[in-house]
Amino acid sequence: MNQKISIQKVIFVGAGPGDPELITLKAVRHLREAEVIITDRLVSEAILETHVGSNALVLHAGKQRKREGSTPQRIINELLVEYALQGKKVLRLKGGDVSIFSNLLDELQALNRYGIPYEIVPGITAACGAAAYAGIPLTARNYAQAVRFLTLHNQQAIAPSYWKELAQTEDTLVFYMSGDSTHELIKELLANGIHADTHMALIEQATTPCQKVFSSPIDAFEKQFGNRDYISPTLIIVGKVATLHASLKWINNQENTDELYFKPVTQNKQEEVRA
Ligand code: SAH
């Protein structure tokens with residue numbers, strides 16, 4: 001006799017930016033109950049070690065720029081659908097918030113095609129985590145009226161007319177996935193007339209014990225830190241608010257440590273996903 005499989009909701013969960021305590025109670029409850037967890041690279045190992053049930057299957061589906069071993073989106077979509085159709089409790093764990101610069105849309109559409117239900121649990125996005133742990137209030141009164149989340153990940157992402165607007169605005173600009181593009185970022189903003197006093201803060205490995213903040217007026221940034229190969233992940237905050245880091249910071253940079261908090265994606269992890 002055919003037993004009818006009951007399909008469970010796939011739970012999309014934001015794991016927060018790094019510090020394993022920056023996760024919601026709802027996320028923790030779902031992690032305990034999940035049977036299959038498909039996780040991103042930018043999720044603290046401590047979260048998996050602490051909250052995942054011992055029988056759960058954990059699949060690493062990380063993506064990393066310029067790295068072999070990134071898991072193609074198609075495979076992630078297939079895994080979500082495959083395990084959900086087997087009746088498993090599937091949880092998709094994403095760094096930061098689930099919807100900011102992620103492929104949430106793709107994954108939800110894949111589930112929709114099969115009529116698989118889902119739930120979305122938000123998380124603390126890197127901009128909020130990094131700003132808090134660097135002492136930079138993103139929309140401080142008299143400093144900024146608004147904040148924009150942007151990326152230079154894709155070279156064509158910002159049109160020339162938009163660069164002009166970005167250089168002229170009083171809004172705080174937060175750039176995700178742009179650590180490798182700092183030169184271009186600074187060049188474009190200066191070329192389009194950004195005020196030279198505007199500060200830029202680059203936060204490496206925010207909210208982790210390895211966090212480092214590099215901050216200076218934007219036109220002096222490269223001279224001061226230009227030779228550094230920034231450690232992934234990094235977030236860039238540009239605007240008047242970035243000047244506040246100097247007086248409001250509550251964590252000092254660790255000297256002489258360049259440890260990696262998040263492991264790079266590897267070919268091995270990729271095989272694990274296929275297994
Ligand atoms: N969904 C995530 C963002 C994914 S895109 C979120 O809401 O935060 C990946 C980018 O996020 C990285 O390239 C980096 O710019 C940023 N990021 C994520 N975690 C970070 C951290 N701990 N420190 C600095 N930047 C981080």
# chains A, B, ... in the order shown; residues from 1 in each chain; ligands from 1
call {"tool": "residues_near_ligand", "arguments": {"ligand": "ligand 1", "cutoff": "7 Å", "atoms": "only C-alpha atoms and all ligand atoms", "output": "PyMOL selection string"}}
result
chain A and resi 16-18+42+94-102+124-127+130+175-178+203-208+232-235
call {"tool": "residues_around", "arguments": {"residues": "region 44-60 of chain A", "least_positions_apart": "5", "cutoff": "7 Å", "atoms": "only C-alpha atoms", "output": "list in words"}}
result
Gly18, Pro20, Val28, Leu31, Arg32, Ala34, Glu35, Val36, Ile37, Ile38, Thr39, Phe262, Lys269, Glu272 and Val273 of chain A
call {"tool": "select_by_dssp", "arguments": {"residues": "region 70-221 of chain A", "states": "helix (DSSP H, G or I)", "output": "ChimeraX atom specification"}}
result
/A:73-85,104-113,126-134,155-157,160-168,179-191,218-221
call {"tool": "write_last_selection", "arguments": {"atoms": "C-alpha atoms", "output": "PDB file, in the first residue's frame"}}
result
ATOM      1  CA  GLN A  73      22.201  27.743  -6.963  1.00  0.00           C
ATOM      2  CA  ARG A  74      20.475  25.079  -9.054  1.00  0.00           C
ATOM      3  CA  ILE A  75      21.835  22.357  -6.758  1.00  0.00           C
ATOM      4  CA  ILE A  76      20.716  24.206  -3.632  1.00  0.00           C
ATOM      5  CA  ASN A  77      17.208  24.547  -5.084  1.00  0.00           C
ATOM      6  CA  GLU A  78      17.163  20.856  -5.979  1.00  0.00           C
ATOM      7  CA  LEU A  79      18.270  19.818  -2.502  1.00  0.00           C
ATOM      8  CA  LEU A  80      15.540  21.887  -0.853  1.00  0.00           C
ATOM      9  CA  VAL A  81      12.883  20.374  -3.091  1.00  0.00           C
ATOM     10  CA  GLU A  82      14.241  16.822  -2.905  1.00  0.00           C
ATOM     11  CA  TYR A  83      14.376  16.605   0.883  1.00  0.00           C
ATOM     12  CA  ALA A  84      11.075  18.427   1.338  1.00  0.00           C
ATOM     13  CA  LEU A  85       9.346  15.957  -0.993  1.00  0.00           C
ATOM     14  CA  LEU A 104      15.967  33.756  -1.302  1.00  0.00           C
ATOM     15  CA  LEU A 105      13.771  34.586  -4.301  1.00  0.00           C
ATOM     16  CA  ASP A 106      15.199  31.721  -6.346  1.00  0.00           C
ATOM     17  CA  GLU A 107      14.712  29.255  -3.537  1.00  0.00           C
ATOM     18  CA  LEU A 108      11.155  30.335  -2.759  1.00  0.00           C
ATOM     19  CA  GLN A 109      10.217  30.132  -6.426  1.00  0.00           C
ATOM     20  CA  ALA A 110      11.660  26.620  -6.618  1.00  0.00           C
ATOM     21  CA  LEU A 111       9.443  25.588  -3.690  1.00  0.00           C
ATOM     22  CA  ASN A 112       6.419  27.356  -5.159  1.00  0.00           C
ATOM     23  CA  ARG A 113       6.773  25.346  -8.358  1.00  0.00           C
ATOM     24  CA  ALA A 126      25.532  42.286   8.558  1.00  0.00           C
ATOM     25  CA  ALA A 127      24.904  46.042   8.229  1.00  0.00           C
ATOM     26  CA  CYS A 128      23.142  46.142  11.601  1.00  0.00           C
ATOM     27  CA  GLY A 129      25.620  43.780  13.263  1.00  0.00           C
ATOM     28  CA  ALA A 130      28.702  45.577  11.943  1.00  0.00           C
ATOM     29  CA  ALA A 131      27.304  49.028  12.705  1.00  0.00           C
ATOM     30  CA  ALA A 132      26.495  48.045  16.288  1.00  0.00           C
ATOM     31  CA  TYR A 133      29.835  46.357  16.966  1.00  0.00           C
ATOM     32  CA  ALA A 134      31.770  49.236  15.362  1.00  0.00           C
ATOM     33  CA  GLN A 155      30.643  45.448 -11.890  1.00  0.00           C
ATOM     34  CA  GLN A 156      27.618  46.714 -13.790  1.00  0.00           C
ATOM     35  CA  ALA A 157      25.538  47.019 -10.639  1.00  0.00           C
ATOM     36  CA  PRO A 160      27.230  56.250 -13.900  1.00  0.00           C
ATOM     37  CA  SER A 161      24.225  58.434 -13.051  1.00  0.00           C
ATOM     38  CA  TYR A 162      23.685  56.474  -9.845  1.00  0.00           C
ATOM     39  CA  TRP A 163      27.346  56.934  -8.827  1.00  0.00           C
ATOM     40  CA  LYS A 164      26.723  60.655  -9.078  1.00  0.00           C
ATOM     41  CA  GLU A 165      23.712  60.412  -6.820  1.00  0.00           C
ATOM     42  CA  LEU A 166      25.597  58.246  -4.320  1.00  0.00           C
ATOM     43  CA  ALA A 167      28.457  60.741  -4.185  1.00  0.00           C
ATOM     44  CA  GLN A 168      26.070  63.648  -3.550  1.00  0.00           C
ATOM     45  CA  GLY A 179      35.818  44.154  -0.030  1.00  0.00           C
ATOM     46  CA  ASP A 180      37.648  43.357  -3.274  1.00  0.00           C
ATOM     47  CA  SER A 181      36.315  46.504  -4.925  1.00  0.00           C
ATOM     48  CA  THR A 182      37.425  49.159  -2.439  1.00  0.00           C
ATOM     49  CA  HIS A 183      39.676  50.812  -5.016  1.00  0.00           C
ATOM     50  CA  GLU A 184      36.855  51.173  -7.535  1.00  0.00           C
ATOM     51  CA  LEU A 185      34.422  52.296  -4.849  1.00  0.00           C
ATOM     52  CA  ILE A 186      36.687  55.086  -3.614  1.00  0.00           C
ATOM     53  CA  LYS A 187      37.677  56.113  -7.142  1.00  0.00           C
ATOM     54  CA  GLU A 188      34.064  56.445  -8.310  1.00  0.00           C
ATOM     55  CA  LEU A 189      32.857  58.326  -5.251  1.00  0.00           C
ATOM     56  CA  LEU A 190      35.769  60.795  -5.384  1.00  0.00           C
ATOM     57  CA  ALA A 191      35.434  61.225  -9.153  1.00  0.00           C
ATOM     58  CA  ILE A 218      37.547  58.527   2.214  1.00  0.00           C
ATOM     59  CA  ASP A 219      40.276  60.336   0.281  1.00  0.00           C
ATOM     60  CA  ALA A 220      42.951  59.109   2.724  1.00  0.00           C
ATOM     61  CA  PHE A 221      41.689  55.539   3.021  1.00  0.00           C
TER      62      PHE A 221
END
call {"tool": "atom_distance", "arguments": {"atom1": "CA of Val13 (chain A)", "atom2": "CA of Trp250 (chain A)"}}
result
28.8 Å
call {"tool": "closest_residue", "arguments": {"among": "A:Val10, A:Ile236, A:Cys210, A:Leu152", "to": "Ile251 (chain A)", "atoms": "only C-alpha atoms"}}
result
A:Cys210
call {"tool": "atom_distance", "arguments": {"atom1": "CA of Ala27 (chain A)", "atom2": "CA of Ile136 (chain A)"}}
result
26.6 Å
call {"tool": "select_by_dssp", "arguments": {"residues": "region 41-209 of chain A", "states": "strand (DSSP E)", "output": "mmCIF file with N, CA and C atoms, in the first residue's frame"}}
result
data_model
loop_
_atom_site.group_PDB
_atom_site.id
_atom_site.type_symbol
_atom_site.label_atom_id
_atom_site.label_comp_id
_atom_site.auth_asym_id
_atom_site.auth_seq_id
_atom_site.Cartn_x
_atom_site.Cartn_y
_atom_site.Cartn_z
ATOM 1 N N LEU A 57 21.082 16.000 9.407
ATOM 2 C CA LEU A 57 22.052 16.000 8.314
ATOM 3 C C LEU A 57 22.365 17.460 7.981
ATOM 4 N N VAL A 58 23.662 17.820 8.081
ATOM 5 C CA VAL A 58 24.043 19.207 7.791
ATOM 6 C C VAL A 58 24.796 19.256 6.469
ATOM 7 N N LEU A 59 24.275 19.999 5.525
ATOM 8 C CA LEU A 59 24.910 20.137 4.218
ATOM 9 C C LEU A 59 25.442 21.552 4.067
ATOM 10 N N HIS A 60 26.723 21.662 3.710
ATOM 11 C CA HIS A 60 27.323 22.990 3.528
ATOM 12 C C HIS A 60 27.184 23.393 2.072
ATOM 13 N N VAL A 90 13.077 20.390 6.612
ATOM 14 C CA VAL A 90 14.250 21.019 6.005
ATOM 15 C C VAL A 90 14.385 22.456 6.499
ATOM 16 N N LEU A 91 15.605 22.818 6.854
ATOM 17 C CA LEU A 91 15.864 24.194 7.287
ATOM 18 C C LEU A 91 16.984 24.768 6.433
ATOM 19 N N ARG A 92 16.736 25.918 5.859
ATOM 20 C CA ARG A 92 17.749 26.606 5.049
ATOM 21 C C ARG A 92 18.316 27.745 5.885
ATOM 22 N N LEU A 93 19.604 27.603 6.253
ATOM 23 C CA LEU A 93 20.231 28.570 7.145
ATOM 24 C C LEU A 93 21.091 29.533 6.333
ATOM 25 N N LYS A 94 20.831 30.827 6.508
ATOM 26 C CA LYS A 94 21.584 31.821 5.743
ATOM 27 C C LYS A 94 22.234 32.804 6.696
ATOM 28 N N TYR A 118 6.382 27.024 3.112
ATOM 29 C CA TYR A 118 7.595 27.485 3.801
ATOM 30 C C TYR A 118 7.260 28.548 4.832
ATOM 31 N N GLU A 119 8.271 28.832 5.655
ATOM 32 C CA GLU A 119 8.174 29.901 6.662
ATOM 33 C C GLU A 119 9.504 30.653 6.621
ATOM 34 N N ILE A 120 9.471 31.954 6.900
ATOM 35 C CA ILE A 120 10.700 32.761 6.830
ATOM 36 C C ILE A 120 10.964 33.423 8.180
ATOM 37 N N VAL A 121 12.130 33.136 8.736
ATOM 38 C CA VAL A 121 12.518 33.703 10.038
ATOM 39 C C VAL A 121 13.648 34.710 9.805
ATOM 40 N N VAL A 147 19.461 55.194 5.149
ATOM 41 C CA VAL A 147 20.589 54.291 4.893
ATOM 42 C C VAL A 147 20.262 53.453 3.668
ATOM 43 N N ARG A 148 21.266 53.213 2.849
ATOM 44 C CA ARG A 148 21.039 52.389 1.647
ATOM 45 C C ARG A 148 21.955 51.174 1.684
ATOM 46 N N PHE A 149 21.412 50.032 1.366
ATOM 47 C CA PHE A 149 22.205 48.805 1.268
ATOM 48 C C PHE A 149 22.525 48.572 -0.205
ATOM 49 N N LEU A 150 23.813 48.456 -0.515
ATOM 50 C CA LEU A 150 24.265 48.375 -1.910
ATOM 51 C C LEU A 150 25.296 47.268 -2.059
ATOM 52 N N THR A 151 25.671 46.989 -3.297
ATOM 53 C CA THR A 151 26.802 46.082 -3.527
ATOM 54 C C THR A 151 27.503 46.437 -4.830
ATOM 55 N N THR A 172 23.526 57.415 4.489
ATOM 56 C CA THR A 172 24.612 56.478 4.781
ATOM 57 C C THR A 172 24.588 55.372 3.717
ATOM 58 N N LEU A 173 25.767 55.030 3.203
ATOM 59 C CA LEU A 173 25.848 53.970 2.185
ATOM 60 C C LEU A 173 26.521 52.756 2.795
ATOM 61 N N VAL A 174 25.872 51.626 2.682
ATOM 62 C CA VAL A 174 26.476 50.391 3.190
ATOM 63 C C VAL A 174 26.684 49.452 2.005
ATOM 64 N N PHE A 175 27.921 49.039 1.817
ATOM 65 C CA PHE A 175 28.242 48.154 0.693
ATOM 66 C C PHE A 175 28.521 46.742 1.185
ATOM 67 N N TYR A 176 27.736 45.805 0.691
ATOM 68 C CA TYR A 176 27.958 44.377 0.940
ATOM 69 C C TYR A 176 28.833 43.821 -0.193
ATOM 70 N N HIS A 199 33.656 60.044 5.741
ATOM 71 C CA HIS A 199 34.453 58.918 6.216
ATOM 72 C C HIS A 199 34.023 57.600 5.594
ATOM 73 N N MET A 200 34.975 56.702 5.581
ATOM 74 C CA MET A 200 34.668 55.343 5.144
ATOM 75 C C MET A 200 35.184 54.405 6.227
ATOM 76 N N ALA A 201 34.318 53.475 6.643
ATOM 77 C CA ALA A 201 34.744 52.455 7.606
ATOM 78 C C ALA A 201 34.586 51.097 6.945
ATOM 79 N N LEU A 202 35.641 50.314 6.989
ATOM 80 C CA LEU A 202 35.560 48.952 6.460
ATOM 81 C C LEU A 202 35.654 48.008 7.658
ATOM 82 N N ILE A 203 34.646 47.152 7.796
ATOM 83 C CA ILE A 203 34.605 46.265 8.967
ATOM 84 C C ILE A 203 34.789 44.830 8.493
ATOM 85 N N GLU A 204 35.873 44.249 8.946
ATOM 86 C CA GLU A 204 36.190 42.852 8.604
ATOM 87 C C GLU A 204 35.645 41.940 9.676
#
call {"tool": "atom_distance", "arguments": {"atom1": "CA of Glu33 (chain A)", "atom2": "CA of Ile11 (chain A)"}}
result
10.5 Å
call {"tool": "decode", "arguments": {"residues": "region 167-198 of chain A", "atoms": "N, CA and C atoms", "output": "compact mmCIF listing (two decimals), in the first residue's frame"}}
result
# COMPACT_ATOMS: atom_id res chain seq x y z
N ALA A 167 27.40 59.83 -4.64
CA ALA A 167 28.46 60.74 -4.19
C ALA A 167 27.86 62.00 -3.57
N GLN A 168 26.66 62.38 -4.03
CA GLN A 168 26.07 63.65 -3.55
C GLN A 168 25.16 63.46 -2.32
N THR A 169 24.68 62.26 -2.11
CA THR A 169 23.65 62.07 -1.07
C THR A 169 24.20 62.24 0.35
N GLU A 170 23.29 62.57 1.25
CA GLU A 170 23.64 62.62 2.68
C GLU A 170 23.33 61.27 3.34
N ASP A 171 22.73 60.37 2.60
CA ASP A 171 22.38 59.06 3.16
C ASP A 171 23.65 58.27 3.50
N THR A 172 23.53 57.41 4.49
CA THR A 172 24.61 56.48 4.78
C THR A 172 24.59 55.37 3.72
N LEU A 173 25.77 55.03 3.20
CA LEU A 173 25.85 53.97 2.19
C LEU A 173 26.52 52.76 2.79
N VAL A 174 25.87 51.63 2.68
CA VAL A 174 26.48 50.39 3.19
C VAL A 174 26.68 49.45 2.01
N PHE A 175 27.92 49.04 1.82
CA PHE A 175 28.24 48.15 0.69
C PHE A 175 28.52 46.74 1.18
N TYR A 176 27.74 45.80 0.69
CA TYR A 176 27.96 44.38 0.94
C TYR A 176 28.83 43.82 -0.19
N MET A 177 29.52 42.73 0.07
CA MET A 177 30.28 41.98 -0.94
C MET A 177 31.18 42.87 -1.78
N SER A 178 31.80 43.85 -1.16
CA SER A 178 32.57 44.82 -1.93
C SER A 178 34.01 44.97 -1.45
N GLY A 179 34.46 44.07 -0.58
CA GLY A 179 35.82 44.15 -0.03
C GLY A 179 36.89 44.15 -1.10
N ASP A 180 36.65 43.41 -2.20
CA ASP A 180 37.65 43.36 -3.27
C ASP A 180 37.56 44.57 -4.19
N SER A 181 36.55 45.39 -3.99
CA SER A 181 36.31 46.50 -4.92
C SER A 181 36.53 47.85 -4.25
N THR A 182 37.29 47.88 -3.17
CA THR A 182 37.42 49.16 -2.44
C THR A 182 38.05 50.23 -3.34
N HIS A 183 39.02 49.82 -4.17
CA HIS A 183 39.68 50.81 -5.02
C HIS A 183 38.66 51.47 -5.95
N GLU A 184 37.86 50.65 -6.60
CA GLU A 184 36.86 51.17 -7.53
C GLU A 184 35.82 52.05 -6.80
N LEU A 185 35.42 51.57 -5.65
CA LEU A 185 34.42 52.30 -4.85
C LEU A 185 34.90 53.71 -4.51
N ILE A 186 36.13 53.79 -4.02
CA ILE A 186 36.69 55.09 -3.61
C ILE A 186 36.88 55.97 -4.85
N LYS A 187 37.41 55.36 -5.90
CA LYS A 187 37.68 56.11 -7.14
C LYS A 187 36.38 56.74 -7.67
N GLU A 188 35.33 55.96 -7.74
CA GLU A 188 34.06 56.45 -8.31
C GLU A 188 33.45 57.54 -7.44
N LEU A 189 33.48 57.33 -6.13
CA LEU A 189 32.86 58.33 -5.25
C LEU A 189 33.64 59.65 -5.29
N LEU A 190 34.97 59.56 -5.31
CA LEU A 190 35.77 60.80 -5.38
C LEU A 190 35.58 61.47 -6.75
N ALA A 191 35.58 60.66 -7.81
CA ALA A 191 35.43 61.23 -9.15
C ALA A 191 34.09 61.92 -9.32
N ASN A 192 33.08 61.44 -8.58
CA ASN A 192 31.75 62.04 -8.70
C ASN A 192 31.49 63.11 -7.65
N GLY A 193 32.57 63.51 -6.97
CA GLY A 193 32.47 64.70 -6.13
C GLY A 193 32.05 64.48 -4.69
N ILE A 194 32.27 63.28 -4.15
CA ILE A 194 31.94 63.09 -2.73
C ILE A 194 32.82 64.03 -1.89
N HIS A 195 32.27 64.56 -0.83
CA HIS A 195 33.03 65.47 0.02
C HIS A 195 34.22 64.72 0.62
N ALA A 196 35.38 65.30 0.52
CA ALA A 196 36.60 64.60 0.95
C ALA A 196 36.60 64.26 2.44
N ASP A 197 35.82 64.99 3.23
CA ASP A 197 35.76 64.69 4.67
C ASP A 197 34.88 63.48 5.00
N THR A 198 34.11 63.05 4.04
CA THR A 198 33.23 61.91 4.29
C THR A 198 34.09 60.73 4.71
